[in-house]
Number of protein chains: 2
Amino acid sequence: MKGRVLVLGGDGYLGWPTAMHLSRRGYRVAVVDNFAKRNWEQEVGVEPLFPIPTLHERVRAWREVSENEIELHVGDLTDYRFVESIFQSFRPDAIVHYGEQPSAPYSMIDVRTAGYTQYNNVIGNLNVLFAMRDLAPDSHLVKLGTMGEYGTPDIDIEEGYLTVQHNGREHTFLYPKTPGSLYHLSKVHDSHNIHFATRIWKLRATDLNQGVVYGVETDESALDDRLATSFHYDEVFGTALNRFCVQAVAGEPLTVYGKGGQTRGYLNIRDTVQCVELAVKNPADAGELRVYNQFTEQFSVKELAEKVRTAAEQLGMSPKVINAPNPRIELEEHYYNAKHSKLLDLGLEPHYLGEELIDSMLEKIERYKERINRNQLVMGVKWSPTGAVKAPPSADIDPPTRERVPVAVGDKTPA
Amino acid sequence: MKGRVLVLGGDGYLGWPTAMHLSRRGYRVAVVDNFAKRNWEQEVGVEPLFPIPTLHERVRAWREVSENEIELHVGDLTDYRFVESIFQSFRPDAIVHYGEQPSAPYSMIDVRTAGYTQYNNVIGNLNVLFAMRDLAPDSHLVKLGTMGEYGTPDIDIEEGYLTVQHNGREHTFLYPKTPGSLYHLSKVHDSHNIHFATRIWKLRATDLNQGVVYGVETDESALDDRLATSFHYDEVFGTALNRFCVQAVAGEPLTVYGKGGQTRGYLNIRDTVQCVELAVKNPADAGELRVYNQFTEQFSVKELAEKVRTAAEQLGMSPKVINAPNPRIELEEHYYNAKHSKLLDLGLEPHYLGEELIDSMLEKIERYKERINRNQLVMGVKWSPTGAVKAPPSADIDPPTRERVPVAVGDKTPA
C-alpha cells in the first residue's frame with residue numbers, strides 16, 4: 001500500500017483517469033464529485049463525445065476489470081461539513097484536487113457563471129485547506145492549476161517563483177500572474193490562498209500549472225469501454241487539439257481564433273496522470289509550496305491546427321484551417337518561453353505530439369462520428385460585453401448546483 | 001455639481017466620513033450598506049466607542065446640519081439584482097468601494113468567517129465590475145485595498161507595479177503580493193479581478209492600497225455628535241493606534257505584539273477622505289488600473305506605542321507598554337520601504353502624527369471613558385490552528401448576513 005489518495009473531481013476528464021492510474025499503481029484511492037459538471041453541460045447544451053457511464057458504474061467496472069477498489073463520495077466541496085466528513089473517514093495522505101469549474105468560456109458567459117466559478121473554486125479549495133489544517137496537517141495537496149494563470153508576459157515564465165533584483169536588494173516572489181479569464185483568475189486566487197496555507201499553517205502543497213491537455217485515453221481507460229473518460233469537443237469545455245480532431249472527422253473547418261499565434265504549453269492526457277503520480281510520490285516539505293509547470297511542448301494554435309490537418313489528410317480527410325474571429329481578448333502574437341524541467345527531473349517520460357498520436361485520436365473519434373453535434377463546435381461565448389452563448393442558461397432550470405450559486409441574478413446574457 | 005459618487009459601505013468607519021466629505025464638496029452622493037458590520041460586531045461581542053446612530057438617522061442629521069442630501073440604499077453587494085438596480089437608478093460617475101469585510105482577525109477565526117470574508121468581498125466586488133461593464137462603462141471605480149496586500153518583501157514596495165529585468169528581457173507586472181491574512185488575500189483577489197476588468201473590458205479603476213488608519217474625526221463628523229463615525233478599539237475591528245489610545249485612557253497596558261518591529265504605513269482618517277477625493281477627481285483612463293499607496297508615514301508598532309505613551313504621560317496618564325505574545329504569524333523584524341508619492345503629487349496635504357493629534361484623540365476618548373469595555377482590548381484570535389476568539393460566533397445566532405454565508409460549517413472554533 002503506497003498511501004491514501006483523495007481525488008477531488010473524480011468524475012472529470014482528468015480526475016477519473018488519474019483515479020484509475022493511481023489505483024492500478026497500488027494507491028488506495030477515493031474519488032469525490034458532486035456531478036456539477038454534468039449540470040453545466042446541460043446548461044450550455046453539450047455532451048461528451050463518448051457515452052460516459054455514471055461514476056458509480058465506472059467504479060464498479062473498475063473493480064471488475066482491475067480487481068481494485070475505488071471509494072466513491074458524493075458531495076460538494078463548498079459544503080465544509082462534507083469536506084470534514086471525508087477527511088475524517090478517509091484520512092488522506094495526498095489530496096489531488098481537480099474539483100473545480102474548469103472552463104474559461106463558461107466563466108465568461110455572464111455575471112452568474114463568473115461569480116459561480118470564483119465562488120465554487122475559491123471556497124471549495126479554501127475548505128480543503130482548512131480540513132487539511134485541522135484534520136490532516138501532514139497530508140499533501142496536489143492542486144491542479146493551469147499555465148493560463150501566468151498569461152503571456154514579455155519575459156520567461158519560470159516554474160512558480162521569480163527572483164527579482166530591485167534597487168540593490170533581492171526578493172523571490174511567487175511568479176506574478178496576469179491571466180486571461182475569470183476562470184483562470186479563480187485558480188490564481190487559489191494559488192495565493194494555498195501559498196498562505198503553506199506559509200502560515202505549514203501545510204504541504206504542490207501546485208501543478210498544467211498546460212492544455214489533449215488525448216482520448218490512458219492505459220487504464222483503454223481496458224474497457226465502460227472506463228472511458230469525459231471527452232469534450234465543444235467550445236465551452238473542449239480543449240484546442242481535441243476540438244480540431246473532432247472538426248476534422250466531422251468534415252468541418254478547423255477554427256483558429258484570430259491570427260493563431262497564441263502559444264501555449266500542451267501535454268498528453270497520459271502525461272497528466274504520470275505527472276500527478278510523480279507529484280504524489282514526491283511530497284512537498286511542511287511549509288513548502290512546490291510549483292511545477294506541467295506540460296511537455298509549446299505550440300501556437302496555428303501550428304496545432306496544421307498538425308491535425310496533415311495527419312487528417314494522411315487518413316484521407318481534407319479539413320480546411322480557417323481563421324475565425326477571436327471571441328477571446330488575448331494577444332495573438334507574443335513572446336512565450338515557459339520553463340518546464342522540474343517534472344522531467346523527477347522522471348517524467350513525455351508522450352510527444354506525433355502524427356501517430358493524432359492518427360489514433362482521429363481513428364477513435366471516427367468510431368463515434370455519428371455522435372458529433374456540429375452545434376457544439378462554435379458556440380460564441382465572447383470575452384467582450386456583447387458576447388452571448390448560443391444556448392444561455394435558462395431561468396427555468398434549477399439544477400442542484402444552482403442552490404449554491406451565490407449570485408442571484410437574472411439569467412439574461414449581458415446586453 | 002461635480003458628479004455622482006456611490007459610496008459602497010457607507011455605514012463604516014471610513015465610508016460615512018467619506019460620504020459626508022464628498023457631499024460637502026459638492027458631489028452628489030449615495031451611500032450603500034447592508035449593515036453586515038453591525039452583525040459581525042454582535043457575533044464577536046464588540047461595540048464602537050461612540051454611540052452610532054443608524055445610517056438613516058445620520059443621513060437625516062447630515063441634511064439638517066449641511067443642507068446636503070445623501071441618498072441611502074440598503075442591500076447586499078453579493079446580490080447582483082440589487083447592484084444592478086442601484087446602478088440603474090443612480091447612474092454613478094464614480095464608485096468608492098469600501099463595502100467589504102475589513103478585519104484580518106475576523107477572517108482568521110475559523111473556516112466559516114474565512115470563507116465568508118472571501119466570498120463576500122470577492123463576489124461583491126465582481127458584481128460591481130459587471131454592473132460597471134454593463135451599465136456604467138465610463139464610470140470610475142475607486143477601490144479601497146490595503147498596504148497589507150503587499151506583505152513585507154525584502155525589496156522596496158512600489159506603487160502598484162514592478163518592472164522586472166529577467167534573462168535579458170523586461171516586463172512590468174502588477175506588484176506581486178504576499179499578504180498575511182485571509183482578509184488581506186480577499187483584497188489581493190479583488191485587485192486581480194479589477195486588473196482583469198481594466199485590461200479586458202477597458203474599465204477605469206484606481207486601487208488605493210491604504211495604510212492603517214487612525215483618528216476619531218473629520219471636519220464633517222465634528223459638526224455634530226450625531227455625525228460620529230464607527231470608532232473601534234477592539235482587537236478584531238480596531239486598528240493599532242486607536243487601540244493604544246483607548247488602552248492608555250482605560251489605564252490598561254499598551255499591548256505590542258511580539259517584538260513590535262512590524263512596520264506599516266499609517267495615515268490620519270482626515271487624509272483618507274482627502275485621498276479618496278483626489279482619486280475621484282482624477283479618474284483613471286479607460287483600460288487603466290491606477291494604483292496609489294495611500295499612507296503618509298511608516299512606523300513600527302513599537303514606535304507607535306511609544307508615541308502614545310509619551311502623549312498620554314503629558315496628560316497625566318501613566319500607561320505601560322508591554323510585549324504581548326503575537327497572535328499573528330508575521331515577521332517581527334523586517335525590511336520595509338514603501339513608496340507613496342503619487343497622492344502627494346496630486347496635492348495631498350498630510351496630517352502627520354504629532355503629539356497634538358494624539359492629545360486630541362485621548363481627550364475625545366476620555367469623554368467616553370465609561371463606555372470602554374476592557375474585554376474587547378484583547379480577544380485572542382490566533383493565526384495558528386489553536387486560535388480561538390473569546391466569544392466565538394454562536395450556532396444559535398442566525399443574523400440576516402448568515403443567509404448568504406456559503407460555508408455551512410459548525411460554529412466550532414478549530415480544535
# chains A, B, ... in the order shown; residues from 1 in each chain; ligands from 1
call {"tool": "residues_around", "arguments": {"residues": "Arg199 (chain B)", "least_positions_apart": "3", "cutoff": "12 Å", "atoms": "only C-alpha atoms", "output": "NGL selection string"}}
result
(:A and (178-181 or 329-331 or 383-384)) or (:B and (174 or 192-196 or 202-205 or 285-290))
call {"tool": "interface_residues", "arguments": {"of": "chain A", "to": "chain B", "cutoff": "8 Å", "atoms": "only C-alpha atoms", "output": "PDB file with C-alpha atoms, in the first residue's frame"}}
result
ATOM      1  CA  THR A  78     -18.217  24.266  -0.848  1.00  0.00           C
ATOM      2  CA  ASP A  79     -20.006  22.431   1.994  1.00  0.00           C
ATOM      3  CA  TYR A  80     -17.433  22.296   4.791  1.00  0.00           C
ATOM      4  CA  ARG A  81     -19.296  19.661   6.766  1.00  0.00           C
ATOM      5  CA  VAL A 111     -22.131  37.609 -14.057  1.00  0.00           C
ATOM      6  CA  GLY A 115     -19.427  34.619  -9.747  1.00  0.00           C
ATOM      7  CA  GLN A 118     -14.950  32.043  -8.477  1.00  0.00           C
ATOM      8  CA  TYR A 119     -17.149  31.124  -5.530  1.00  0.00           C
ATOM      9  CA  ILE A 123     -14.359  28.463  -1.422  1.00  0.00           C
ATOM     10  CA  LEU A 126     -10.313  27.062   0.971  1.00  0.00           C
ATOM     11  CA  ASN A 127     -12.422  24.374   2.660  1.00  0.00           C
ATOM     12  CA  PHE A 130      -8.957  24.165   6.447  1.00  0.00           C
ATOM     13  CA  ARG A 133      -5.015  22.112   8.652  1.00  0.00           C
ATOM     14  CA  ASP A 134      -7.395  20.731  11.237  1.00  0.00           C
ATOM     15  CA  PRO A 153       4.423  38.114 -20.017  1.00  0.00           C
ATOM     16  CA  ASP A 154       7.297  39.508 -22.074  1.00  0.00           C
ATOM     17  CA  ILE A 155       9.851  37.584 -20.016  1.00  0.00           C
ATOM     18  CA  ASP A 156      10.466  33.869 -19.470  1.00  0.00           C
ATOM     19  CA  VAL A 164      13.754  39.999  -8.583  1.00  0.00           C
ATOM     20  CA  GLN A 165      16.685  42.393  -8.136  1.00  0.00           C
ATOM     21  CA  HIS A 166      15.434  45.869  -7.378  1.00  0.00           C
ATOM     22  CA  ASN A 167      17.224  48.990  -6.104  1.00  0.00           C
ATOM     23  CA  ARG A 169      18.112  44.343  -2.992  1.00  0.00           C
ATOM     24  CA  GLU A 170      16.625  40.968  -3.908  1.00  0.00           C
ATOM     25  CA  HIS A 171      13.399  39.114  -3.231  1.00  0.00           C
ATOM     26  CA  PHE A 173       8.120  36.187  -5.229  1.00  0.00           C
ATOM     27  CA  LEU A 174       5.514  33.712  -6.330  1.00  0.00           C
ATOM     28  CA  TYR A 175       5.691  34.326 -10.076  1.00  0.00           C
ATOM     29  CA  PRO A 176       3.278  37.245 -10.771  1.00  0.00           C
ATOM     30  CA  LYS A 177       0.297  36.191 -12.831  1.00  0.00           C
ATOM     31  CA  THR A 178      -1.789  38.039 -15.400  1.00  0.00           C
ATOM     32  CA  PRO A 179      -4.438  35.579 -16.556  1.00  0.00           C
ATOM     33  CA  GLY A 180      -6.947  35.959 -19.345  1.00  0.00           C
ATOM     34  CA  SER A 181     -10.299  34.837 -17.938  1.00  0.00           C
ATOM     35  CA  LEU A 182     -12.303  34.888 -14.730  1.00  0.00           C
ATOM     36  CA  LEU A 185      -8.320  34.166 -12.074  1.00  0.00           C
ATOM     37  CA  HIS A 189      -6.799  33.193  -6.193  1.00  0.00           C
ATOM     38  CA  HIS A 192      -2.449  32.667  -3.357  1.00  0.00           C
ATOM     39  CA  ASN A 193      -4.618  31.003  -0.723  1.00  0.00           C
ATOM     40  CA  PHE A 196      -0.754  31.395   2.531  1.00  0.00           C
ATOM     41  CA  ILE A 200       1.246  30.369   7.832  1.00  0.00           C
ATOM     42  CA  TRP A 201      -0.028  26.886   8.669  1.00  0.00           C
ATOM     43  CA  ILE A 329      -9.438  39.098 -25.764  1.00  0.00           C
ATOM     44  CA  TRP A 383     -14.950  37.955 -23.752  1.00  0.00           C
ATOM     45  CA  SER A 384     -16.402  41.348 -24.640  1.00  0.00           C
ATOM     46  CA  PRO A 385     -19.689  42.606 -23.153  1.00  0.00           C
ATOM     47  CA  ARG A 404     -25.216  27.184  -4.087  1.00  0.00           C
ATOM     48  CA  PRO A 406     -24.383  32.895  -4.694  1.00  0.00           C
ATOM     49  CA  VAL A 407     -25.134  35.386  -7.416  1.00  0.00           C
ATOM     50  CA  ALA A 408     -28.866  35.741  -7.528  1.00  0.00           C
ATOM     51  CA  VAL A 409     -29.064  37.253 -10.950  1.00  0.00           C
ATOM     52  CA  GLY A 410     -31.398  37.056 -13.842  1.00  0.00           C
ATOM     53  CA  PRO A 414     -25.311  40.736 -20.920  1.00  0.00           C
ATOM     54  CA  ALA A 415     -26.952  43.307 -23.129  1.00  0.00           C
TER      55      ALA A 415
END
call {"tool": "residues_around", "arguments": {"residues": "Gly261 (chain B)", "least_positions_apart": "4", "cutoff": "9 Å", "atoms": "only C-alpha atoms", "output": "PDB file with C-alpha atoms, in the first residue's frame"}}
result
ATOM      1  CA  PHE B 299       6.074  53.378  11.890  1.00  0.00           C
ATOM      2  CA  SER B 300       6.870  50.206  13.738  1.00  0.00           C
ATOM      3  CA  VAL B 301       4.228  49.092  16.238  1.00  0.00           C
ATOM      4  CA  LYS B 302       6.745  49.734  18.992  1.00  0.00           C
ATOM      5  CA  GLU B 303       7.298  53.340  17.869  1.00  0.00           C
ATOM      6  CA  LEU B 331       7.863  38.835  10.703  1.00  0.00           C
ATOM      7  CA  GLU B 332       8.532  40.986  13.745  1.00  0.00           C
ATOM      8  CA  GLU B 333      11.702  42.478  12.271  1.00  0.00           C
ATOM      9  CA  HIS B 334      11.937  43.085   8.553  1.00  0.00           C
TER      10      HIS B 334
END
call {"tool": "select_by_dssp", "arguments": {"residues": "region 72-170 of chain A", "states": "strand (DSSP E)", "output": "PyMOL selection string"}}
result
chain A and resi 72-74+94-97+140-146+161-166+169-170
call {"tool": "write_last_selection", "arguments": {"atoms": "C-alpha atoms", "output": "JSON list (two decimals), in the first residue's frame"}}
result
[["chain", "number", "residue", "atom", "x", "y", "z"],
["A", 72, "LEU", "CA", -16.80, 6.95, -4.02],
["A", 73, "HIS", "CA", -18.01, 10.01, -2.08],
["A", 74, "VAL", "CA", -20.71, 12.28, -3.44],
["A", 94, "ALA", "CA", -2.49, 13.11, -0.50],
["A", 95, "ILE", "CA", -5.31, 15.13, -1.99],
["A", 96, "VAL", "CA", -5.35, 15.52, -5.77],
["A", 97, "HIS", "CA", -7.63, 18.49, -6.36],
["A", 140, "HIS", "CA", -0.01, 16.77, 0.77],
["A", 141, "LEU", "CA", -2.20, 18.83, -1.51],
["A", 142, "VAL", "CA", -1.61, 18.27, -5.22],
["A", 143, "LYS", "CA", -3.58, 21.11, -6.73],
["A", 144, "LEU", "CA", -4.36, 21.39, -10.42],
["A", 145, "GLY", "CA", -3.63, 24.90, -11.58],
["A", 146, "THR", "CA", -3.07, 25.99, -15.13],
["A", 161, "TYR", "CA", 8.81, 31.66, -8.46],
["A", 162, "LEU", "CA", 10.62, 34.73, -9.74],
["A", 163, "THR", "CA", 13.69, 36.24, -8.12],
["A", 164, "VAL", "CA", 13.75, 40.00, -8.58],
["A", 165, "GLN", "CA", 16.69, 42.39, -8.14],
["A", 166, "HIS", "CA", 15.43, 45.87, -7.38],
["A", 169, "ARG", "CA", 18.11, 44.34, -2.99],
["A", 170, "GLU", "CA", 16.63, 40.97, -3.91]]
call {"tool": "residues_around", "arguments": {"residues": "Val216 (chain B)", "least_positions_apart": "6", "cutoff": "12 Å", "atoms": "only C-alpha atoms", "output": "ChimeraX atom specification"}}
result
/B:13-14,17,48-50,222,225,227-233,238-239,241-243,245-246,268-270,357-365
call {"tool": "write_last_selection", "arguments": {"atoms": "C-alpha atoms", "output": "mmCIF file, in the first residue's frame"}}
result
data_model
loop_
_atom_site.group_PDB
_atom_site.id
_atom_site.type_symbol
_atom_site.label_atom_id
_atom_site.label_comp_id
_atom_site.auth_asym_id
_atom_site.auth_seq_id
_atom_site.Cartn_x
_atom_site.Cartn_y
_atom_site.Cartn_z
ATOM 1 C CA TYR B 13 -15.621 53.845 9.889
ATOM 2 C CA LEU B 14 -14.342 55.380 6.646
ATOM 3 C CA PRO B 17 -16.868 60.290 6.715
ATOM 4 C CA PRO B 48 -17.802 51.053 18.752
ATOM 5 C CA LEU B 49 -16.659 53.518 21.399
ATOM 6 C CA PHE B 50 -19.127 56.247 20.493
ATOM 7 C CA ALA B 222 -17.013 67.214 14.190
ATOM 8 C CA ASP B 225 -22.321 64.388 17.629
ATOM 9 C CA LEU B 227 -22.437 62.503 12.643
ATOM 10 C CA ALA B 228 -19.855 60.423 14.536
ATOM 11 C CA THR B 229 -18.172 57.555 12.782
ATOM 12 C CA SER B 230 -17.891 53.993 13.993
ATOM 13 C CA PHE B 231 -14.680 54.034 16.067
ATOM 14 C CA HIS B 232 -13.466 50.563 17.077
ATOM 15 C CA TYR B 233 -10.835 49.863 19.690
ATOM 16 C CA GLY B 238 -9.862 48.300 15.871
ATOM 17 C CA THR B 239 -6.603 49.495 14.323
ATOM 18 C CA LEU B 241 -3.079 53.481 17.191
ATOM 19 C CA ASN B 242 -6.796 53.749 18.002
ATOM 20 C CA ARG B 243 -6.495 50.739 20.290
ATOM 21 C CA CYS B 245 -5.131 55.382 22.752
ATOM 22 C CA VAL B 246 -8.106 53.612 24.302
ATOM 23 C CA ASN B 268 -4.964 60.039 9.564
ATOM 24 C CA ILE B 269 -8.658 59.490 8.793
ATOM 25 C CA ARG B 270 -8.709 63.119 7.560
ATOM 26 C CA LEU B 357 -3.273 64.763 17.245
ATOM 27 C CA ILE B 358 -2.767 62.042 19.823
ATOM 28 C CA ASP B 359 -3.721 64.503 22.546
ATOM 29 C CA SER B 360 -6.984 65.332 20.822
ATOM 30 C CA MET B 361 -7.749 61.631 20.375
ATOM 31 C CA LEU B 362 -7.002 60.918 24.018
ATOM 32 C CA GLU B 363 -9.212 63.810 25.077
ATOM 33 C CA LYS B 364 -12.114 62.727 22.937
ATOM 34 C CA ILE B 365 -11.781 59.129 24.152
#
call {"tool": "atom_distance", "arguments": {"atom1": "CA of Gly10 (chain B)", "atom2": "CA of Ala30 (chain B)"}}
result
8.4 Å
call {"tool": "atom_distance", "arguments": {"atom1": "CA of Val273 (chain B)", "atom2": "CA of Ile86 (chain B)"}}
result
23.0 Å
call {"tool": "residues_around", "arguments": {"residues": "Pro105 (chain B)", "least_positions_apart": "5", "cutoff": "8 Å", "atoms": "only C-alpha atoms", "output": "PDB file with N, CA and C atoms, in the first residue's frame"}}
result
ATOM      1  N   SER B 181      -3.050  37.592   5.825  1.00  0.00           N
ATOM      2  CA  SER B 181      -4.285  37.043   6.393  1.00  0.00           C
ATOM      3  C   SER B 181      -5.242  36.711   5.257  1.00  0.00           C
ATOM      4  N   GLU B 235      -9.882  44.249  19.478  1.00  0.00           N
ATOM      5  CA  GLU B 235      -8.790  43.574  18.779  1.00  0.00           C
ATOM      6  C   GLU B 235      -9.208  43.068  17.394  1.00  0.00           C
ATOM      7  N   VAL B 236     -10.516  42.940  17.168  1.00  0.00           N
ATOM      8  CA  VAL B 236     -10.965  42.410  15.881  1.00  0.00           C
ATOM      9  C   VAL B 236     -11.141  43.519  14.843  1.00  0.00           C
ATOM     10  N   PHE B 237     -11.805  44.597  15.205  1.00  0.00           N
ATOM     11  CA  PHE B 237     -12.073  45.656  14.226  1.00  0.00           C
ATOM     12  C   PHE B 237     -11.260  46.946  14.448  1.00  0.00           C
ATOM     13  N   VAL B 381      -7.900  36.123  18.969  1.00  0.00           N
ATOM     14  CA  VAL B 381      -8.000  35.429  17.682  1.00  0.00           C
ATOM     15  C   VAL B 381      -6.584  35.129  17.234  1.00  0.00           C
ATOM     16  N   LYS B 382      -6.289  33.862  17.008  1.00  0.00           N
ATOM     17  CA  LYS B 382      -4.921  33.496  16.645  1.00  0.00           C
ATOM     18  C   LYS B 382      -4.803  33.010  15.215  1.00  0.00           C
ATOM     19  N   TRP B 383      -3.649  33.255  14.613  1.00  0.00           N
ATOM     20  CA  TRP B 383      -3.393  32.849  13.220  1.00  0.00           C
ATOM     21  C   TRP B 383      -3.113  31.339  13.119  1.00  0.00           C
TER      22      TRP B 383
END
call {"tool": "residues_around", "arguments": {"residues": "Asp234 (chain B)", "least_positions_apart": "5", "cutoff": "10 Å", "atoms": "only C-alpha atoms", "output": "PyMOL selection string"}}
result
chain B and resi 41+44-49+239-240+242-243+246-247+372-379
call {"tool": "write_last_selection", "arguments": {"atoms": "N, CA and C atoms", "output": "PDB file, in the first residue's frame"}}
result
ATOM      1  N   GLU B  41     -20.130  42.688  14.537  1.00  0.00           N
ATOM      2  CA  GLU B  41     -19.859  43.200  15.886  1.00  0.00           C
ATOM      3  C   GLU B  41     -20.610  42.365  16.922  1.00  0.00           C
ATOM      4  N   VAL B  44     -18.969  38.825  17.454  1.00  0.00           N
ATOM      5  CA  VAL B  44     -17.779  38.741  18.300  1.00  0.00           C
ATOM      6  C   VAL B  44     -17.945  39.526  19.597  1.00  0.00           C
ATOM      7  N   GLY B  45     -19.109  40.184  19.733  1.00  0.00           N
ATOM      8  CA  GLY B  45     -19.422  40.822  21.016  1.00  0.00           C
ATOM      9  C   GLY B  45     -18.697  42.122  21.288  1.00  0.00           C
ATOM     10  N   VAL B  46     -18.603  42.989  20.269  1.00  0.00           N
ATOM     11  CA  VAL B  46     -17.948  44.278  20.493  1.00  0.00           C
ATOM     12  C   VAL B  46     -18.851  45.429  20.047  1.00  0.00           C
ATOM     13  N   GLU B  47     -18.520  46.630  20.523  1.00  0.00           N
ATOM     14  CA  GLU B  47     -19.263  47.836  20.145  1.00  0.00           C
ATOM     15  C   GLU B  47     -18.287  48.962  19.855  1.00  0.00           C
ATOM     16  N   PRO B  48     -18.645  49.871  18.944  1.00  0.00           N
ATOM     17  CA  PRO B  48     -17.802  51.053  18.752  1.00  0.00           C
ATOM     18  C   PRO B  48     -17.810  51.900  20.023  1.00  0.00           C
ATOM     19  N   LEU B  49     -16.773  52.737  20.167  1.00  0.00           N
ATOM     20  CA  LEU B  49     -16.659  53.518  21.399  1.00  0.00           C
ATOM     21  C   LEU B  49     -17.769  54.559  21.524  1.00  0.00           C
ATOM     22  N   THR B 239      -7.957  49.440  14.864  1.00  0.00           N
ATOM     23  CA  THR B 239      -6.603  49.495  14.323  1.00  0.00           C
ATOM     24  C   THR B 239      -5.640  49.929  15.436  1.00  0.00           C
ATOM     25  N   ALA B 240      -4.349  49.722  15.179  1.00  0.00           N
ATOM     26  CA  ALA B 240      -3.332  49.797  16.241  1.00  0.00           C
ATOM     27  C   ALA B 240      -3.376  51.096  17.061  1.00  0.00           C
ATOM     28  N   ASN B 242      -5.514  53.520  17.318  1.00  0.00           N
ATOM     29  CA  ASN B 242      -6.796  53.749  18.002  1.00  0.00           C
ATOM     30  C   ASN B 242      -6.875  52.910  19.274  1.00  0.00           C
ATOM     31  N   ARG B 243      -6.434  51.640  19.142  1.00  0.00           N
ATOM     32  CA  ARG B 243      -6.495  50.739  20.290  1.00  0.00           C
ATOM     33  C   ARG B 243      -5.545  51.194  21.405  1.00  0.00           C
ATOM     34  N   VAL B 246      -7.052  54.044  23.377  1.00  0.00           N
ATOM     35  CA  VAL B 246      -8.106  53.612  24.302  1.00  0.00           C
ATOM     36  C   VAL B 246      -7.488  52.878  25.490  1.00  0.00           C
ATOM     37  N   GLN B 247      -6.474  52.057  25.213  1.00  0.00           N
ATOM     38  CA  GLN B 247      -5.798  51.364  26.325  1.00  0.00           C
ATOM     39  C   GLN B 247      -5.215  52.383  27.304  1.00  0.00           C
ATOM     40  N   ILE B 372     -15.829  52.336  27.657  1.00  0.00           N
ATOM     41  CA  ILE B 372     -14.756  51.389  27.287  1.00  0.00           C
ATOM     42  C   ILE B 372     -14.992  50.040  27.966  1.00  0.00           C
ATOM     43  N   ASN B 373     -14.974  48.989  27.155  1.00  0.00           N
ATOM     44  CA  ASN B 373     -15.140  47.646  27.679  1.00  0.00           C
ATOM     45  C   ASN B 373     -13.796  46.931  27.568  1.00  0.00           C
ATOM     46  N   ARG B 374     -13.173  46.692  28.709  1.00  0.00           N
ATOM     47  CA  ARG B 374     -11.816  46.114  28.707  1.00  0.00           C
ATOM     48  C   ARG B 374     -11.741  44.743  28.036  1.00  0.00           C
ATOM     49  N   ASN B 375     -12.839  44.028  28.044  1.00  0.00           N
ATOM     50  CA  ASN B 375     -12.836  42.680  27.443  1.00  0.00           C
ATOM     51  C   ASN B 375     -12.562  42.720  25.942  1.00  0.00           C
ATOM     52  N   GLN B 376     -12.812  43.881  25.344  1.00  0.00           N
ATOM     53  CA  GLN B 376     -12.633  43.976  23.897  1.00  0.00           C
ATOM     54  C   GLN B 376     -11.191  44.267  23.504  1.00  0.00           C
ATOM     55  N   LEU B 377     -10.354  44.594  24.502  1.00  0.00           N
ATOM     56  CA  LEU B 377      -8.998  45.034  24.170  1.00  0.00           C
ATOM     57  C   LEU B 377      -8.099  43.867  23.754  1.00  0.00           C
ATOM     58  N   VAL B 378      -8.294  42.725  24.356  1.00  0.00           N
ATOM     59  CA  VAL B 378      -7.516  41.535  23.998  1.00  0.00           C
ATOM     60  C   VAL B 378      -8.499  40.380  23.823  1.00  0.00           C
ATOM     61  N   MET B 379      -8.629  39.868  22.599  1.00  0.00           N
ATOM     62  CA  MET B 379      -9.671  38.876  22.335  1.00  0.00           C
ATOM     63  C   MET B 379      -9.145  37.515  21.889  1.00  0.00           C
TER      64      MET B 379
END
call {"tool": "decode", "arguments": {"residues": "region 271-282 of chain B", "atoms": "N, CA and C atoms", "output": "short mmCIF file (atom, residue, chain, number, x, y, z; two decimals), in the first residue's frame"}}
result
data_model
loop_
_atom_site.label_atom_id
_atom_site.label_comp_id
_atom_site.auth_asym_id
_atom_site.auth_seq_id
_atom_site.Cartn_x
_atom_site.Cartn_y
_atom_site.Cartn_z
N ASP B 271 -6.88 62.28 6.18
CA ASP B 271 -6.17 62.09 4.92
C ASP B 271 -6.84 61.03 4.05
N THR B 272 -7.49 60.06 4.70
CA THR B 272 -8.26 59.08 3.93
C THR B 272 -9.29 59.79 3.06
N VAL B 273 -10.08 60.66 3.68
CA VAL B 273 -11.16 61.30 2.91
C VAL B 273 -10.57 62.22 1.84
N GLN B 274 -9.43 62.85 2.16
CA GLN B 274 -8.75 63.72 1.20
C GLN B 274 -8.23 62.89 0.01
N CYS B 275 -7.63 61.74 0.31
CA CYS B 275 -7.08 60.88 -0.75
C CYS B 275 -8.18 60.37 -1.67
N VAL B 276 -9.28 59.94 -1.06
CA VAL B 276 -10.36 59.41 -1.88
C VAL B 276 -10.91 60.50 -2.79
N GLU B 277 -11.02 61.71 -2.25
CA GLU B 277 -11.47 62.81 -3.10
C GLU B 277 -10.49 63.05 -4.26
N LEU B 278 -9.20 63.00 -3.96
CA LEU B 278 -8.20 63.18 -5.03
C LEU B 278 -8.33 62.09 -6.09
N ALA B 279 -8.58 60.86 -5.64
CA ALA B 279 -8.74 59.75 -6.60
C ALA B 279 -9.98 59.97 -7.47
N VAL B 280 -11.06 60.41 -6.84
CA VAL B 280 -12.31 60.65 -7.58
C VAL B 280 -12.12 61.78 -8.60
N LYS B 281 -11.40 62.82 -8.18
CA LYS B 281 -11.17 63.99 -9.05
C LYS B 281 -10.28 63.68 -10.24
N ASN B 282 -9.47 62.62 -10.13
CA ASN B 282 -8.51 62.29 -11.17
C ASN B 282 -8.75 60.87 -11.69
#
